[in-house]
$ cat final.cif   # mmCIF, C-alpha atoms
data_coords
#
loop_
_atom_site.group_PDB
_atom_site.id
_atom_site.type_symbol
_atom_site.label_atom_id
_atom_site.label_comp_id
_atom_site.auth_asym_id
_atom_site.auth_seq_id
_atom_site.Cartn_x
_atom_site.Cartn_y
_atom_site.Cartn_z
ATOM 1 C CA MET A 2 92.661 116.144 125.406
ATOM 2 C CA GLU A 3 95.189 118.453 123.827
ATOM 3 C CA ILE A 4 96.124 117.901 120.193
ATOM 4 C CA LEU A 5 99.916 117.928 120.276
ATOM 5 C CA SER A 6 100.442 117.617 116.545
ATOM 6 C CA LEU A 7 98.693 117.202 113.225
ATOM 7 C CA THR A 8 101.144 115.843 110.671
ATOM 8 C CA LYS A 9 100.010 115.704 107.075
ATOM 9 C CA LEU A 10 100.623 112.415 105.278
ATOM 10 C CA ASP A 11 99.938 111.237 101.722
ATOM 11 C CA LYS A 12 96.493 110.833 100.126
ATOM 12 C CA GLY A 13 94.944 113.687 102.116
ATOM 13 C CA ARG A 14 95.491 112.002 105.469
ATOM 14 C CA ALA A 15 96.976 113.348 108.690
ATOM 15 C CA LYS A 16 98.393 111.731 111.807
ATOM 16 C CA ILE A 17 96.953 113.254 114.962
ATOM 17 C CA CYS A 18 98.867 112.917 118.237
ATOM 18 C CA LEU A 19 97.110 113.587 121.545
ATOM 19 C CA ASP A 20 98.684 114.469 124.881
ATOM 20 C CA ASN A 21 97.576 111.131 126.405
ATOM 21 C CA GLY A 22 99.853 109.222 123.997
ATOM 22 C CA THR A 23 97.110 108.254 121.547
ATOM 23 C CA ASP A 24 97.869 108.569 117.828
ATOM 24 C CA PHE A 25 95.468 108.007 114.953
ATOM 25 C CA VAL A 26 95.071 108.843 111.268
ATOM 26 C CA LEU A 27 92.119 110.662 109.689
ATOM 27 C CA TYR A 28 91.361 111.994 106.229
ATOM 28 C CA LYS A 29 91.262 115.766 105.720
ATOM 29 C CA LYS A 30 87.465 115.919 105.479
ATOM 30 C CA GLU A 31 87.209 113.997 108.761
ATOM 31 C CA TYR A 32 89.646 116.020 110.846
ATOM 32 C CA LEU A 33 88.228 119.286 109.479
ATOM 33 C CA SER A 34 84.673 118.212 110.390
ATOM 34 C CA TYR A 35 85.811 117.670 114.003
ATOM 35 C CA ASP A 36 87.734 120.992 114.093
ATOM 36 C CA ILE A 37 90.978 119.178 114.842
ATOM 37 C CA VAL A 38 93.877 121.622 114.729
ATOM 38 C CA GLU A 39 97.340 121.473 116.214
ATOM 39 C CA GLY A 40 97.326 122.956 119.726
ATOM 40 C CA GLY A 41 93.531 122.654 119.938
ATOM 41 C CA ASP A 42 91.428 120.547 122.269
ATOM 42 C CA LEU A 43 89.589 117.298 121.490
ATOM 43 C CA PRO A 44 86.860 116.536 124.056
ATOM 44 C CA GLU A 45 86.614 112.917 125.229
ATOM 45 C CA ASP A 46 83.107 112.481 123.790
ATOM 46 C CA LYS A 47 84.328 113.629 120.352
ATOM 47 C CA TYR A 48 87.289 111.241 120.535
ATOM 48 C CA GLN A 49 84.927 108.360 121.429
ATOM 49 C CA GLU A 50 82.727 109.316 118.483
ATOM 50 C CA ILE A 51 85.737 109.288 116.121
ATOM 51 C CA LEU A 52 86.872 105.975 117.600
ATOM 52 C CA HIS A 53 83.515 104.192 117.280
ATOM 53 C CA ASP A 54 82.202 105.783 114.081
ATOM 54 C CA ILE A 55 85.402 105.970 112.029
ATOM 55 C CA LEU A 56 88.473 104.216 113.440
ATOM 56 C CA ILE A 57 87.068 100.882 114.669
ATOM 57 C CA PRO A 58 84.992 100.143 111.512
ATOM 58 C CA ARG A 59 87.944 101.155 109.316
ATOM 59 C CA CYS A 60 90.351 99.028 111.359
ATOM 60 C CA LYS A 61 88.042 95.976 111.110
ATOM 61 C CA LYS A 62 87.815 96.409 107.347
ATOM 62 C CA ARG A 63 91.590 96.820 107.010
ATOM 63 C CA GLY A 64 92.225 93.718 109.130
ATOM 64 C CA LEU A 65 89.895 91.623 106.985
ATOM 65 C CA HIS A 66 91.531 92.995 103.830
ATOM 66 C CA LEU A 67 94.989 92.008 105.118
ATOM 67 C CA LEU A 68 93.740 88.459 105.742
ATOM 68 C CA GLU A 69 92.279 88.188 102.228
ATOM 69 C CA LYS A 70 95.757 88.181 100.751
ATOM 70 C CA GLN A 71 97.381 85.694 103.147
ATOM 71 C CA ASP A 72 97.091 83.991 106.524
ATOM 72 C CA ARG A 73 98.659 86.076 109.260
ATOM 73 C CA SER A 74 99.520 85.418 112.866
ATOM 74 C CA ARG A 75 97.737 87.417 115.553
ATOM 75 C CA LYS A 76 100.946 89.361 116.281
ATOM 76 C CA ASN A 77 101.595 90.078 112.611
ATOM 77 C CA LEU A 78 98.047 91.363 112.117
ATOM 78 C CA ILE A 79 98.308 93.602 115.203
ATOM 79 C CA ASP A 80 101.662 94.949 113.958
ATOM 80 C CA LYS A 81 100.243 95.696 110.488
ATOM 81 C CA LEU A 82 97.228 97.526 111.931
ATOM 82 C CA SER A 83 99.485 99.474 114.277
ATOM 83 C CA GLU A 84 101.656 100.511 111.305
ATOM 84 C CA GLY A 85 98.447 101.738 109.665
ATOM 85 C CA GLY A 86 98.030 104.366 112.380
ATOM 86 C CA TYR A 87 95.180 102.791 114.340
ATOM 87 C CA PRO A 88 95.000 103.375 118.115
ATOM 88 C CA GLU A 89 95.173 100.412 120.479
ATOM 89 C CA GLU A 90 91.432 100.471 121.277
ATOM 90 C CA ALA A 91 90.554 100.198 117.580
ATOM 91 C CA ILE A 92 93.047 97.361 117.054
ATOM 92 C CA ASP A 93 91.729 95.434 120.072
ATOM 93 C CA ALA A 94 88.139 95.796 118.821
ATOM 94 C CA ALA A 95 89.129 94.739 115.280
ATOM 95 C CA ILE A 96 91.081 91.682 116.486
ATOM 96 C CA GLU A 97 88.181 90.608 118.706
ATOM 97 C CA TYR A 98 85.752 91.046 115.787
ATOM 98 C CA ILE A 99 87.940 89.150 113.284
ATOM 99 C CA ASP A 100 88.682 86.436 115.842
ATOM 100 C CA SER A 101 84.948 85.880 116.383
ATOM 101 C CA PHE A 102 84.806 84.456 112.822
ATOM 102 C CA GLY A 103 87.817 82.192 113.411
ATOM 103 C CA TYR A 104 89.904 84.028 110.816
ATOM 104 C CA ILE A 105 92.965 84.326 113.050
ATOM 105 C CA ASP A 106 94.490 80.892 113.546
ATOM 106 C CA ASP A 107 98.208 80.765 114.293
ATOM 107 C CA ALA A 108 98.317 76.962 113.942
ATOM 108 C CA ARG A 109 96.641 77.029 110.515
ATOM 109 C CA MET A 110 98.992 79.781 109.375
ATOM 110 C CA ALA A 111 102.071 77.889 110.661
ATOM 111 C CA SER A 112 100.945 74.612 109.039
ATOM 112 C CA SER A 113 100.382 76.336 105.716
ATOM 113 C CA TYR A 114 103.802 78.026 105.897
ATOM 114 C CA ILE A 115 105.546 74.734 106.722
ATOM 115 C CA ARG A 116 103.854 72.878 103.847
ATOM 116 C CA PHE A 117 104.778 75.638 101.397
ATOM 117 C CA TYR A 118 108.455 76.026 102.390
ATOM 118 C CA GLN A 119 109.506 72.542 103.506
ATOM 119 C CA ASP A 120 110.874 71.711 100.037
ATOM 120 C CA SER A 121 113.232 74.697 99.996
ATOM 121 C CA ARG A 122 114.118 75.507 103.628
ATOM 122 C CA SER A 123 115.413 73.641 106.630
ATOM 123 C CA LYS A 124 113.350 72.977 109.742
ATOM 124 C CA GLN A 125 115.455 75.490 111.648
ATOM 125 C CA ARG A 126 114.959 78.246 109.058
ATOM 126 C CA ILE A 127 111.189 77.666 108.969
ATOM 127 C CA ARG A 128 111.091 77.747 112.772
ATOM 128 C CA GLN A 129 112.991 81.062 112.820
ATOM 129 C CA ASP A 130 110.671 82.529 110.168
ATOM 130 C CA LEU A 131 107.585 81.538 112.144
ATOM 131 C CA LEU A 132 109.009 82.933 115.389
ATOM 132 C CA LYS A 133 109.563 86.268 113.611
ATOM 133 C CA LYS A 134 105.913 86.183 112.541
ATOM 134 C CA GLY A 135 104.873 85.920 116.181
ATOM 135 C CA ILE A 136 103.970 82.224 116.324
ATOM 136 C CA SER A 137 104.692 80.608 119.699
ATOM 137 C CA ASP A 138 107.345 77.889 120.049
ATOM 138 C CA GLU A 139 104.691 75.469 121.276
ATOM 139 C CA VAL A 140 102.472 75.955 118.205
ATOM 140 C CA ILE A 141 105.495 75.681 115.890
ATOM 141 C CA ALA A 142 106.609 72.406 117.507
ATOM 142 C CA ILE A 143 103.136 70.844 117.136
ATOM 143 C CA CYS A 144 102.787 71.970 113.512
ATOM 144 C CA MET A 145 106.315 70.800 112.617
ATOM 145 C CA GLU A 146 105.512 67.366 114.017
ATOM 146 C CA GLU A 147 102.347 67.167 111.915
ATOM 147 C CA GLU A 148 103.453 68.861 108.693
ATOM 148 C CA TYR A 149 107.217 68.663 108.094
ATOM 149 C CA THR A 150 107.849 65.533 106.034
ATOM 150 C CA SER A 151 111.000 66.437 104.076
ATOM 151 C CA ASP A 152 114.285 64.689 104.669
ATOM 152 C CA GLU A 153 116.913 67.411 105.080
ATOM 153 C CA GLY A 154 119.660 65.376 103.414
ATOM 154 C CA ASP A 155 117.487 64.828 100.339
ATOM 155 C CA LEU A 156 116.443 68.476 100.404
ATOM 156 C CA ILE A 157 120.068 69.660 100.417
ATOM 157 C CA ASN A 158 120.894 67.333 97.513
ATOM 158 C CA THR A 159 117.894 68.640 95.546
ATOM 159 C CA LEU A 160 118.999 72.236 96.139
ATOM 160 C CA LEU A 161 122.568 71.352 95.066
ATOM 161 C CA GLU A 162 121.233 69.817 91.838
ATOM 162 C CA LYS A 163 119.103 72.879 91.114
ATOM 163 C CA LYS A 164 122.171 75.080 91.584
ATOM 164 C CA GLY A 165 124.193 72.843 89.242
ATOM 165 C CA TYR A 166 126.736 72.010 91.951
ATOM 166 C CA ASP A 167 129.238 69.329 90.924
ATOM 167 C CA LYS A 168 130.689 67.665 94.051
ATOM 168 C CA GLU A 169 133.503 65.972 92.165
ATOM 169 C CA ASN A 170 134.836 69.053 90.369
ATOM 170 C CA ALA A 171 133.866 71.917 92.709
ATOM 171 C CA THR A 172 136.570 74.434 93.541
ATOM 172 C CA TYR A 173 137.209 75.714 97.053
ATOM 173 C CA GLU A 174 135.371 78.949 96.163
ATOM 174 C CA GLU A 175 132.356 77.053 94.785
ATOM 175 C CA ARG A 176 132.181 74.939 97.949
ATOM 176 C CA GLY A 177 132.310 78.104 100.069
ATOM 177 C CA LYS A 178 129.595 79.757 98.018
ATOM 178 C CA MET A 179 127.349 76.689 98.273
ATOM 179 C CA TYR A 180 128.069 76.390 102.010
ATOM 180 C CA ARG A 181 126.922 80.009 102.544
ATOM 181 C CA PHE A 182 123.827 79.429 100.396
ATOM 182 C CA LEU A 183 122.791 76.354 102.409
ATOM 183 C CA ALA A 184 123.622 77.994 105.745
ATOM 184 C CA GLY A 185 121.359 80.877 104.714
ATOM 185 C CA ARG A 186 118.558 78.344 104.293
ATOM 186 C CA GLY A 187 119.107 77.274 107.911
ATOM 187 C CA PHE A 188 120.804 73.909 107.442
ATOM 188 C CA SER A 189 123.249 72.742 110.128
ATOM 189 C CA SER A 190 127.006 72.770 109.503
ATOM 190 C CA ASP A 191 127.183 68.958 109.792
ATOM 191 C CA SER A 192 124.402 68.422 107.218
ATOM 192 C CA ILE A 193 126.044 70.862 104.814
ATOM 193 C CA ARG A 194 129.533 69.332 105.187
ATOM 194 C CA ASN A 195 128.145 65.824 104.640
ATOM 195 C CA ALA A 196 126.332 66.938 101.486
ATOM 196 C CA LEU A 197 129.251 68.903 100.011
ATOM 197 C CA SER A 198 131.933 66.266 100.622
#

$ encode --input "final.cif" --output "structure tokens"
Amino acid sequence: MEILSLTKLDKGRAKICLDNGTDFVLYKKEYLSYDIVEGGDLPEDKYQEILHDILIPRCKKRGLHLLEKQDRSRKNLIDKLSEGGYPEEAIDAAIEYIDSFGYIDDARMASSYIRFYQDSRSKQRIRQDLLKKGISDEVIAICMEEEYTSDEGDLINTLLEKKGYDKENATYEERGKMYRFLAGRGFSSDSIRNALS
């Protein structure tokens, strides 16, 4: 395989792009030990050695590290590893490895997210957030049914109190500002109008 480019990054790393569309990141000591230079050739057996000895173990470790900090959806974890410069084969191996321990659980992650944000965000906003994180509509619906216990009318009133909103004396501008704030949290127009009037 031809090495199309070797782009130096921070911390002594470089992104290596091959002519078959594969990209990966190695440290200087690593790419020098494999004689990787721009325009050079990387034999398949050497690539497989790099993949199995360096990239897959590193990708597994990175994936586990990302999950230490917070629950992540399968899609979010794949996206993060991809951003880290790991090739698809390494990501697939890491996801399979991590999944074998039961660490990737979209339903658990969605339930946790719903419990944490239900006192400050509407159902619709939470649903949109979870969709962006790669959670399926079906999983979201099941978790919402089980976890979301807030009453949206009460939630809006609580948020209005926290913001110091005075219904009786609010100006047109203050109503508009509060309307935009609540709409940004994902509440419906009808719920907002009822709460503000």

$ residues_around --input "final.cif" --residues "region 25-28 of chain A" --least-positions-apart "3" --cutoff "9 Å" --atoms "all atoms listed in the file" --output "list in words"
Leu10, Lys12, Gly13, Arg14, Ala15, Lys16, Ile17, Cys18, Leu19, Glu31, Tyr32, Leu33, Ile55, Leu56, Gly85, Gly86, Tyr87 and Pro88 of chain A

$ resolve_selection --input "final.cif" --expression "the PyMOL selection byres ((chain A and resi 147) around 12)" --output "VMD selection string"
chain A and resid 108 to 109 111 to 113 115 to 116 140 to 146 148 to 151

$ resolve_selection --input "final.cif" --expression "the PyMOL selection byres ((chain A and resi 40) around 8)" --output "PyMOL selection string"
chain A and resi 3-6+38-39+41-42

$ residues_around --input "final.cif" --residues "Glu89 (chain A)" --least-positions-apart "3" --cutoff "12 Å" --atoms "only C-alpha atoms" --output "list in words"
Gly22, Thr23, Asp24, Phe25, Leu52, Leu56, Ile57, Cys60, Ile79, Asp80, Leu82, Ser83, Glu84, Gly85, Gly86, Ile92, Asp93, Ala94, Ala95 and Ile96 of chain A

$ atom_distance --input "final.cif" --atom1 "CA of Asp155 (chain A)" --atom2 "CA of Glu174 (chain A)"
23.2 Å

$ resolve_selection --input "final.cif" --expression "the PyMOL selection byres ((chain A and resi 62-73) around 8)" --output "PyMOL selection string"
chain A and resi 58-61+74-75+77-78+82+95-96+99+104-107+110+134

$ atom_distance --input "final.cif" --atom1 "CA of Asp54 (chain A)" --atom2 "CA of Lys76 (chain A)"
25.0 Å

$ atom_distance --input "final.cif" --atom1 "CA of Glu97 (chain A)" --atom2 "CA of Asp130 (chain A)"
25.4 Å

$ closest_residue --input "final.cif" --among "A:Leu197, A:Gly185, A:Gln125, A:Ser101" --to "Glu162 (chain A)" --atoms "all atoms listed in the file"
A:Leu197

$ axis_aligned_box --input "final.cif" --around "region 133-150 of chain A" --padding-each-side "8 Å" --output "JSON"
{"center_x": 106.0, "center_y": 75.9, "center_z": 113.7, "size_x": 23.2, "size_y": 36.7, "size_z": 31.2}

$ closest_residue --input "final.cif" --among "A:Tyr166, A:Ser123, A:Gly103, A:Thr159" --to "Phe188 (chain A)" --atoms "only C-alpha atoms"
A:Ser123

$ closest_residue --input "final.cif" --among "A:Glu139, A:Asp20, A:Glu169, A:Glu153" --to "Leu43 (chain A)" --atoms "all atoms listed in the file"
A:Asp20

$ closest_residue --input "final.cif" --among "A:Tyr114, A:Leu183, A:Gln119, A:Ile37" --to "Leu131 (chain A)" --atoms "all atoms listed in the file"
A:Tyr114

$ decode --input "final.cif" --residues "region 49-81 of chain A" --atoms "C-alpha atoms" --output "PDB file, in the first residue's frame"
ATOM      1  CA  GLN A  49      -1.553  -5.873   9.966  1.00  0.00           C
ATOM      2  CA  GLU A  50       1.237  -5.860  12.545  1.00  0.00           C
ATOM      3  CA  ILE A  51       0.659  -2.148  13.271  1.00  0.00           C
ATOM      4  CA  LEU A  52      -3.088  -2.760  13.443  1.00  0.00           C
ATOM      5  CA  HIS A  53      -2.929  -5.712  15.853  1.00  0.00           C
ATOM      6  CA  ASP A  54       0.069  -4.700  17.970  1.00  0.00           C
ATOM      7  CA  ILE A  55      -0.523  -0.953  18.275  1.00  0.00           C
ATOM      8  CA  LEU A  56      -3.839   0.391  16.974  1.00  0.00           C
ATOM      9  CA  ILE A  57      -6.370  -2.155  18.283  1.00  0.00           C
ATOM     10  CA  PRO A  58      -4.960  -2.304  21.863  1.00  0.00           C
ATOM     11  CA  ARG A  59      -4.712   1.503  21.940  1.00  0.00           C
ATOM     12  CA  CYS A  60      -8.251   1.884  20.591  1.00  0.00           C
ATOM     13  CA  LYS A  61      -9.635  -0.537  23.224  1.00  0.00           C
ATOM     14  CA  LYS A  62      -7.889   1.402  25.978  1.00  0.00           C
ATOM     15  CA  ARG A  63      -9.144   4.743  24.635  1.00  0.00           C
ATOM     16  CA  GLY A  64     -12.711   3.425  24.387  1.00  0.00           C
ATOM     17  CA  LEU A  65     -12.650   2.222  27.988  1.00  0.00           C
ATOM     18  CA  HIS A  66     -11.180   5.557  29.100  1.00  0.00           C
ATOM     19  CA  LEU A  67     -13.998   7.453  27.351  1.00  0.00           C
ATOM     20  CA  LEU A  68     -16.570   5.312  29.181  1.00  0.00           C
ATOM     21  CA  GLU A  69     -14.931   5.959  32.565  1.00  0.00           C
ATOM     22  CA  LYS A  70     -16.005   9.578  32.426  1.00  0.00           C
ATOM     23  CA  GLN A  71     -19.607   9.053  31.282  1.00  0.00           C
ATOM     24  CA  ASP A  72     -22.033   6.619  29.677  1.00  0.00           C
ATOM     25  CA  ARG A  73     -21.960   6.882  25.906  1.00  0.00           C
ATOM     26  CA  SER A  74     -24.125   5.492  23.157  1.00  0.00           C
ATOM     27  CA  ARG A  75     -22.590   3.040  20.701  1.00  0.00           C
ATOM     28  CA  LYS A  76     -22.689   5.687  17.946  1.00  0.00           C
ATOM     29  CA  ASN A  77     -21.139   8.352  20.159  1.00  0.00           C
ATOM     30  CA  LEU A  78     -18.306   6.022  21.174  1.00  0.00           C
ATOM     31  CA  ILE A  79     -17.634   5.069  17.535  1.00  0.00           C
ATOM     32  CA  ASP A  80     -17.616   8.765  16.557  1.00  0.00           C
ATOM     33  CA  LYS A  81     -15.173   9.648  19.361  1.00  0.00           C
TER      34      LYS A  81
END
